[in-house]
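Student: One structure, pasted below without further comment.
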Amino acid sequence: MSNANVQQQCTLVLYSKGRFLGFKRGLRNQYEHTALIQLENVNSKEETHFYEGKRVAYLYRAPTAKKGTHIRCIWGRITRPHGNSGTVRAKFRHNLPPSAMGSTVRVMLYPSNI
């Protein structure tokens, strides 16, 4: 078996996907400091407890390159569940822009609390 075949079989991904739905809100007020994220393949409140405390990364492309790349990242952390359908709340170091609504975020599988 060559080295290339071993690499193709042993592909590890250290994140799962989520979708940024919008911001926490009430009927009249919106709280931009808390983002709502729907986790992929998570459909109940009990399943979200595994993801509490995990890091979240929103990747986007910027028009100008910094440090040789156009890709930038905003980091956050999952804080708690939101509702009963697998949605969680997350706080980011910088608030996510409204243009990010509906886009994909990466939910890192670390730090581990197992």
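As shown in the structure tokens, the chain order sets the letters A, B, ...; within each chain, residues go from 1, and ligands are also counted from 1 in the order they appear.
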Give me the residues within 10 Å of region 72-79 of chain A as a ChimeraX atom specification, counting only C-alpha atoms and dropping any in the same chain fewer than 5 places off.

Tutor: /A:34-37,48-49,51-62,65-66,88-96,105-108

Student: Let me make sure I understand: among A:Tyr31, A:Phe20, A:Phe50, A:Tyr110, which one has the smallest atom-to-atom distance to Pro81 (chain A) if we use only C-alpha atoms?

Tutor: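 Answer, going by the shortest atom-to-atom distance: A:Phe50.
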
Student: What is the CA of Glu40 (chain A) to CA of Gly18 (chain A) distance in Å?

Tutor: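 CA of Gly18 (chain A) lies 5.4 Å from CA of Glu40 (chain A).
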
Student: Which residues come within 9 Å of Val42 (chain A), counting only C-alpha atoms, excluding same-chain residues fewer than 4 positions away, as a PyMOL selection string?

Tutor: chain A and resi 38+47-48+85-87

Student: Can you measure CA of Lys24 (chain A) to CA of Asn41 (chain A) for me? One decimal in Å is fine.

Tutor: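 These atoms are spaced 21.4 Å apart.
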
Student: Could you go through chain A and tell me which residues DSSP, when run on the backbone, assigns to strand (DSSP E or B), listing them as a ChimeraX atom specification?

Tutor: /A:15-25,30-39,55-66,69-82,87-92,104-108

Student: Between A:Gly22, A:Val13, A:Gly68, A:Asn43, which has the minimum distance to Gly83 (chain A) (counting only C-alpha atoms)?

Tutor: A:Asn43

Student: How many Å lie between CA of Asn84 (chain A) and CA of Tyr15 (chain A), rounded to one decimal?

Tutor: 22.6 Å

Student: Per DSSP on the backbone, filter region 27-69 of chain A down to the residues in alpha helix (DSSP H) and report them as a PyMOL selection string.

Tutor: chain A and resi 45-48

Student: Output the selection as a compact mmCIF listing (two decimals), in the first residue's frame - all heavy atoms for each residue.

Tutor:
```txt
# COMPACT_ATOMS: atom_id res chain seq x y z
N LYS A 45 -32.77 18.78 22.24
CA LYS A 45 -32.03 19.52 23.25
C LYS A 45 -31.00 18.64 23.94
O LYS A 45 -29.89 19.09 24.26
CB LYS A 45 -33.01 20.08 24.28
CG LYS A 45 -32.36 20.90 25.37
CD LYS A 45 -33.35 21.29 26.43
CE LYS A 45 -33.85 22.69 26.19
NZ LYS A 45 -34.69 23.19 27.28
N GLU A 46 -31.33 17.36 24.16
CA GLU A 46 -30.41 16.46 24.85
C GLU A 46 -29.13 16.24 24.04
O GLU A 46 -28.05 16.09 24.60
CB GLU A 46 -31.08 15.11 25.12
CG GLU A 46 -32.18 15.16 26.17
CD GLU A 46 -33.46 15.84 25.68
OE1 GLU A 46 -33.74 15.78 24.46
OE2 GLU A 46 -34.16 16.44 26.51
N GLU A 47 -29.23 16.21 22.71
CA GLU A 47 -28.06 16.00 21.86
C GLU A 47 -27.14 17.22 21.84
O GLU A 47 -25.97 17.10 21.50
CB GLU A 47 -28.50 15.66 20.44
CG GLU A 47 -29.23 14.34 20.33
CD GLU A 47 -29.79 14.09 18.94
OE1 GLU A 47 -29.54 14.92 18.04
OE2 GLU A 47 -30.46 13.07 18.77
N THR A 48 -27.64 18.40 22.19
CA THR A 48 -26.82 19.61 22.14
C THR A 48 -25.85 19.70 23.32
O THR A 48 -24.87 20.44 23.23
CB THR A 48 -27.69 20.87 22.14
OG1 THR A 48 -28.44 20.94 23.35
CG2 THR A 48 -28.61 20.89 20.95
```
